[in-house]
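Dropping protein_14.txt in here (compact mmCIF, C-alpha atoms):
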```txt
# COMPACT_ATOMS: atom_id res chain seq x y z
CA MET A 684 0.00 0.00 0.00
CA LYS A 685 1.12 3.57 -0.64
CA ASN A 686 2.17 5.66 2.32
CA LYS A 687 0.01 8.76 1.96
CA LYS A 688 0.54 11.26 4.76
CA LEU A 689 -1.49 14.24 3.51
CA VAL A 690 -4.88 13.60 1.91
CA ALA A 691 -7.37 16.15 0.53
CA ILE A 692 -10.98 14.94 0.37
CA ILE A 693 -13.04 16.46 -2.44
CA PRO A 694 -16.76 15.55 -2.35
CA ALA A 695 -18.44 15.71 -5.77
CA SER A 696 -21.88 14.16 -5.66
CA SER A 697 -24.58 13.69 -8.29
CA ILE A 698 -26.76 16.16 -6.40
CA LEU A 699 -24.05 18.77 -6.84
CA LEU A 700 -24.03 18.11 -10.59
CA GLU A 701 -27.80 18.17 -10.88
CA ARG A 702 -27.83 21.60 -9.22
CA PHE A 703 -26.16 22.97 -12.35
CA GLY A 704 -28.39 21.22 -14.86
CA GLY A 705 -26.76 17.79 -15.00
CA GLY A 706 -23.39 16.73 -16.33
CA MET A 707 -20.09 18.00 -15.03
CA SER A 708 -20.29 21.77 -14.72
CA ARG A 709 -17.32 23.44 -16.38
CA LEU A 710 -15.36 26.39 -15.14
CA CYS A 711 -13.10 28.05 -17.71
CA GLY A 712 -13.44 24.94 -19.85
CA HIS A 713 -12.63 22.33 -17.18
CA PRO A 714 -14.86 20.31 -14.83
CA MET A 715 -15.31 22.47 -11.75
CA PHE A 716 -14.21 19.90 -9.18
CA LEU A 717 -10.80 19.60 -10.87
CA TYR A 718 -9.75 23.01 -9.55
CA SER A 719 -9.83 21.52 -6.05
CA VAL A 720 -7.86 18.51 -7.32
CA TRP A 721 -5.17 20.74 -8.81
CA TYR A 722 -5.04 22.95 -5.74
CA ALA A 723 -4.45 19.91 -3.53
CA MET A 724 -1.65 18.72 -5.79
CA ASN A 725 0.02 22.14 -5.74
CA GLU A 726 -0.12 22.13 -1.94
CA GLY A 727 1.51 18.70 -1.60
CA TYR A 728 -1.67 16.77 -0.80
CA VAL A 729 -2.99 13.62 -2.46
CA PRO A 730 -6.43 14.54 -3.89
CA VAL A 731 -9.18 12.00 -3.27
CA VAL A 732 -12.42 12.63 -5.17
CA VAL A 733 -15.42 11.05 -3.46
CA SER A 734 -18.57 10.61 -5.50
CA ASP A 735 -21.50 8.37 -6.33
CA ASN A 736 -21.20 9.42 -9.97
CA GLU A 737 -19.17 7.21 -12.33
CA GLU A 738 -18.58 10.05 -14.78
CA VAL A 739 -16.95 12.12 -12.05
CA LEU A 740 -14.87 9.20 -10.78
CA ASP A 741 -13.64 8.32 -14.28
CA CYS A 742 -12.72 11.93 -14.97
CA ALA A 743 -10.86 12.21 -11.66
CA LYS A 744 -8.83 9.08 -12.46
CA CYS A 745 -7.90 10.48 -15.87
CA PHE A 746 -6.53 13.57 -14.15
CA LEU A 747 -4.45 11.40 -11.80
CA ALA A 748 -6.55 11.86 -8.66
CA ASP A 749 -7.43 9.06 -6.27
CA THR A 750 -11.10 8.12 -6.09
CA VAL A 751 -13.45 6.60 -3.56
CA ARG A 752 -17.00 5.62 -4.40
CA CYS A 753 -19.33 6.58 -1.59
CA ASP A 754 -23.11 6.62 -1.91
CA SER A 755 -23.35 8.88 1.14
CA ASP A 756 -21.09 11.59 -0.24
CA THR A 757 -23.80 14.23 0.17
CA ASP A 758 -23.22 13.79 3.90
CA LEU A 759 -19.79 15.36 4.42
CA PHE A 760 -19.09 13.46 7.61
CA GLY A 761 -20.07 10.20 5.94
CA CYS A 762 -17.86 11.13 3.00
CA ILE A 763 -14.88 11.68 5.32
CA GLY A 764 -15.55 8.42 7.13
CA GLY A 765 -15.62 6.55 3.81
CA VAL A 766 -12.13 7.79 2.96
CA LEU A 767 -10.72 7.02 6.41
CA GLU A 768 -11.97 3.45 6.09
CA GLU A 769 -9.82 2.84 3.00
CA ASP A 770 -6.71 0.83 3.89
CA VAL A 771 -4.59 2.79 1.43
CA TYR A 772 -4.90 5.85 3.70
CA GLY A 773 -4.21 3.98 6.91
CA ASP A 774 -0.94 5.85 7.54
CA CYS A 775 -2.49 9.28 6.98
CA GLU A 776 -3.07 11.31 10.14
CA LEU A 777 -3.92 14.65 8.53
CA PHE A 778 -6.74 15.41 6.12
CA ALA A 779 -8.08 18.46 4.30
CA LEU A 780 -11.64 18.97 3.08
CA LEU A 781 -11.92 21.00 -0.13
CA GLN A 782 -15.40 21.83 -1.36
CA PRO A 783 -15.53 21.80 -5.19
CA THR A 784 -17.96 24.74 -5.22
CA LEU A 785 -15.30 27.11 -3.82
CA PRO A 786 -12.61 26.95 -6.53
CA ILE A 787 -10.68 30.13 -5.61
CA ARG A 788 -8.06 29.56 -2.90
CA ASP A 789 -4.93 31.38 -1.80
CA PRO A 790 -1.84 29.62 -3.18
CA GLY A 791 0.21 28.28 -0.28
CA LEU A 792 -2.62 28.68 2.24
CA LEU A 793 -3.18 24.96 2.74
CA ARG A 794 0.56 24.49 3.39
CA GLU A 795 0.46 27.28 5.98
CA MET A 796 -2.53 25.72 7.72
CA THR A 797 -0.81 22.34 7.69
CA GLY A 798 2.16 23.92 9.46
CA LEU A 799 -0.03 24.61 12.50
CA PHE A 800 -0.21 20.85 13.04
CA ILE A 801 3.42 19.96 12.52
CA GLY A 802 5.12 23.05 13.96
CA SER A 803 6.57 23.28 17.43
CA GLY A 804 4.02 23.62 20.22
CA SER A 805 1.11 22.62 17.98
CA SER A 806 0.31 19.25 19.55
CA ASP A 807 -3.05 20.54 20.80
CA THR A 808 -4.29 21.39 17.30
CA SER A 809 -7.10 19.17 16.05
CA CYS A 810 -8.67 21.35 13.36
CA VAL A 811 -7.92 24.53 11.41
CA PHE A 812 -10.47 26.18 9.15
CA THR A 813 -10.69 29.30 7.01
CA ALA A 814 -13.01 32.05 8.14
CA THR A 815 -14.15 35.52 7.20
CA GLY A 816 -14.14 38.13 9.95
CA VAL A 817 -17.33 40.09 10.59
CA ASN A 818 -17.27 43.24 12.70
CA LEU A 819 -20.23 43.72 15.02
CA LEU A 820 -21.36 47.33 14.71
CA GLY A 821 -24.33 46.97 16.98
CA SER A 822 -26.32 44.48 19.01
CA MET A 823 -29.48 42.64 18.06
CA VAL A 824 -32.16 43.60 20.57
CA TYR A 825 -35.48 41.81 20.98
CA ARG A 826 -38.26 44.01 19.70
CA TYR A 827 -40.92 44.53 22.33
CA THR A 828 -44.11 46.31 21.37
CA GLY A 829 -46.49 45.10 24.03
CA GLU A 830 -49.38 43.04 22.73
CA ASP A 831 -48.11 43.36 19.15
CA THR A 832 -44.85 41.50 19.88
CA LYS A 833 -44.06 38.88 17.26
CA PRO A 834 -41.87 35.84 17.95
CA ASN A 835 -38.28 36.13 16.69
CA GLU A 836 -38.72 39.73 15.57
CA PHE A 837 -35.54 41.74 16.05
CA TYR A 838 -34.07 45.09 15.18
CA GLY A 839 -30.51 46.39 15.06
CA ALA A 840 -29.55 48.86 17.77
CA TYR A 841 -26.15 50.53 17.62
CA ASN A 842 -24.22 50.02 20.82
CA ALA A 843 -20.82 51.72 20.98
CA ASP A 844 -19.32 49.47 23.65
CA LYS A 845 -19.97 46.43 21.48
CA ALA A 846 -18.73 47.89 18.21
CA GLU A 847 -15.33 46.24 18.55
CA LYS A 848 -16.70 42.71 18.78
CA ARG A 849 -15.77 40.42 15.92
CA PHE A 850 -17.20 37.16 14.73
CA GLU A 851 -15.24 34.61 12.71
CA ALA A 852 -17.60 32.91 10.24
CA PHE A 853 -16.46 29.69 8.53
CA ASN A 854 -16.47 30.38 4.77
CA GLY A 855 -16.43 26.73 3.65
CA ASN A 856 -13.16 27.01 1.73
CA ILE A 857 -10.65 24.81 3.59
CA VAL A 858 -10.81 22.59 6.66
CA VAL A 859 -7.73 20.69 7.88
CA PHE A 860 -8.27 18.12 10.61
CA SER A 861 -6.58 15.17 12.26
CA ARG A 862 -7.70 11.58 12.01
CA GLU A 863 -7.60 11.31 15.79
CA ALA A 864 -10.03 14.20 16.25
CA PHE A 865 -12.51 12.87 13.68
CA GLU A 866 -12.45 9.34 15.05
CA LYS A 867 -12.93 10.70 18.54
CA THR A 868 -16.05 12.77 17.86
CA GLY A 869 -17.17 11.87 14.32
CA ASN A 870 -16.79 15.56 13.51
CA PRO A 871 -13.79 17.20 11.79
CA PHE A 872 -14.27 20.27 14.00
CA ASN A 873 -13.82 18.08 17.09
CA ASN A 874 -16.68 19.86 18.87
CA GLY A 875 -14.56 22.99 19.19
CA GLU A 876 -11.68 21.40 21.10
CA GLY A 877 -8.24 22.29 19.74
CA VAL A 878 -9.76 24.27 16.88
CA HIS A 879 -7.91 27.21 15.28
CA VAL A 880 -9.46 29.84 13.03
CA TYR A 881 -7.51 31.04 10.00
CA ASP A 882 -8.82 34.49 9.02
CA THR A 883 -8.88 35.01 5.24
CA THR A 884 -10.86 38.26 5.23
CA ILE A 885 -8.22 40.05 3.13
CA THR A 886 -8.91 37.85 0.11
CA GLN A 887 -12.68 38.16 -0.23
CA ALA A 888 -12.73 36.22 -3.52
CA THR A 889 -11.81 33.03 -1.65
CA SER A 890 -15.21 33.10 0.06
CA ILE A 891 -17.23 33.00 -3.17
CA CYS A 892 -19.31 29.83 -3.34
CA ILE A 893 -20.86 28.67 -6.61
CA ARG A 894 -24.48 27.86 -5.77
CA LEU A 895 -26.22 28.67 -9.05
CA ALA A 896 -25.36 28.20 -12.70
CA GLU A 897 -25.11 31.99 -13.03
CA ASP A 898 -22.35 32.01 -10.40
CA LEU A 899 -20.08 30.10 -12.77
CA ALA A 900 -19.89 33.09 -15.12
CA ILE A 901 -19.07 35.42 -12.23
CA VAL A 902 -16.24 33.21 -10.97
CA GLU A 903 -14.91 32.75 -14.52
CA GLY A 904 -14.69 36.52 -14.87
CA ILE A 905 -12.77 36.79 -11.61
CA MET A 906 -10.35 33.96 -12.43
CA CYS A 907 -9.61 35.39 -15.88
CA HIS A 908 -8.51 38.72 -14.41
CA PRO A 909 -4.71 39.19 -14.62
CA MET A 910 -4.49 39.94 -10.89
CA MET A 911 -5.98 36.52 -10.12
CA HIS A 912 -3.45 34.57 -12.21
CA ASP A 913 -1.84 32.87 -9.20
CA TYR A 914 -5.24 31.98 -7.72
CA ASN A 915 -6.00 29.68 -10.63
CA PRO A 916 -4.33 26.38 -9.64
CA ILE A 917 -3.97 25.31 -13.26
CA ASN A 918 -1.32 28.02 -13.66
CA ASN A 919 0.79 26.57 -10.85
CA LEU A 920 0.85 22.89 -11.83
CA PRO A 921 4.37 21.45 -11.95
CA ASN A 922 5.78 20.21 -15.25
CA GLU A 923 5.98 16.72 -13.78
CA TYR A 924 2.21 16.60 -13.58
CA ARG A 925 1.83 17.92 -17.12
CA TYR A 926 4.18 15.25 -18.43
CA ARG A 927 2.33 12.51 -16.56
CA PHE A 928 -0.92 13.94 -17.85
CA LEU A 929 0.32 13.79 -21.44
CA TRP A 930 1.59 10.29 -20.84
CA HIS A 931 -2.03 9.30 -20.21
CA ARG A 932 -2.88 10.64 -23.69
CA LEU A 933 -5.23 13.32 -22.51
CA THR A 934 -5.72 16.81 -23.88
CA PRO A 935 -2.81 19.05 -22.83
CA ILE A 936 -3.53 21.61 -20.15
CA HIS A 937 -3.34 25.22 -21.27
CA ALA A 938 -3.05 28.02 -18.73
```

Could you write out this file's structure as structure tokens?
Amino acid sequence: MKNKKLVAIIPASSILLERFGGGMSRLCGHPMFLYSVWYAMNEGYVPVVVSDNEEVLDCAKCFLADTVRCDSDTDLFGCIGGVLEEDVYGDCELFALLQPTLPIRDPGLLREMTGLFIGSGSSDTSCVFTATGVNLLGSMVYRYTGEDTKPNEFYGAYNADKAEKRFEAFNGNIVVFSREAFEKTGNPFNNGEGVHVYDTTITQATSICIRLAEDLAIVEGIMCHPMMHDYNPINNLPNEYRYRFLWHRLTPIHA
């Protein structure tokens, strides 16, 4: 069996495909989930595409990614468990979860997050995830209007002493977690124990999630901008991968 220490799990279910009208949705000419595959490769991770769709699995194999068939891949925790059960990943203690609907990621970010696990004094780390910071400019106060009060009706009231509060909202882009934490709780976030937040507020584009077919055009426009060149993982693929890709007699990759 291969000794795979760093594994990136990429869930790509049929439901995800059906959301965009069936078939593999393409971003800048390539199946959307492949951008997560290429990002994982650039970051030194072995990409593992998990799906119940044979078309997706066959495509992933052609692009040199590992695959795991899992009928429960719409359940992220079940998807993770399916990968951990594979003997080939028995030596892997660190995993990343890369959603295929968030294709824009900071180059090098996954490597930085991984360093929080293997650096000195990081033995208490069980999970690291990307987040977007949100400043609280006021407090939500229950609206009371006597007999006319409606359940769950709120209004925003500015409160100066709370203006400096800040929330860190998970943006769905990257989660890195340990096998031990997941097996302990069945949750990659380990119920909040040993969890570190990695603020990515500066790069707002990394929080864009493709939920509708129209979103594909928006993300394509962003990725084609010259300033976003390094954020497109296809532009950072090593020549070794391109040679192996050509060896498999597939269409050459063009940046």

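The smallest atom-to-atom distance between Asn919 in chain A and any of A:Pro783, A:Pro790, A:Gly869, A:Leu759, using all atoms listed in the file, is found for A:Pro790.
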
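Taking CA of Ile693 in chain A and CA of Cys745 in chain A as endpoints, the distance between them is 15.6 Å.
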
Residue with smallest distance to Leu747 in chain A - pool A:Pro694, A:Pro730, A:Pro921, A:Gly761, counting all atoms listed in the file:
A:Pro730

Would you kindly return, as a VMD selection string, each protein, DNA or RNA residue with an atom no farther than 12 Å from any atom of Thr797 in chain A, considering only C-alpha atoms and excluding same-chain residues fewer than 6 positions away?
chain A and resid 688 to 691 726 to 728 776 to 779 791 805 808 to 812 857 to 861 879 881

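Using only C-alpha atoms for every distance, the candidate list A:Asn856, A:Thr815, A:Thr884, A:Thr868 yields A:Asn856 as the residue closest to Leu785 in chain A.
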
Between A:Cys753, A:Ile763, A:Phe716, A:Asp882, which is the closest to Met796 in chain A once you count only C-alpha atoms?
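Of A:Cys753, A:Ile763, A:Phe716, A:Asp882, the one nearest Met796 in chain A is A:Asp882, counting only C-alpha atoms.
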
Skipping near chain neighbours, those fewer than 5 positions away, what residues fall within 12 Å of Asp758 in chain A using only C-alpha atoms, listed as a PyMOL selection string?
chain A and resi 694-696+698-699+733-735+753+763-765+870

Which of A:Cys762, A:Ile905, A:Val729, A:Leu899 sits closest to Leu710 in chain A [using only C-alpha atoms]
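Of A:Cys762, A:Ile905, A:Val729, A:Leu899, the one nearest Leu710 in chain A, counting only C-alpha atoms, is A:Leu899.
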
What does the structure give for the distance between CA of Ser719 in chain A and CA of Thr750 in chain A, in Å to one decimal?
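Separating CA of Ser719 in chain A from CA of Thr750 in chain A is a distance of 13.5 Å.
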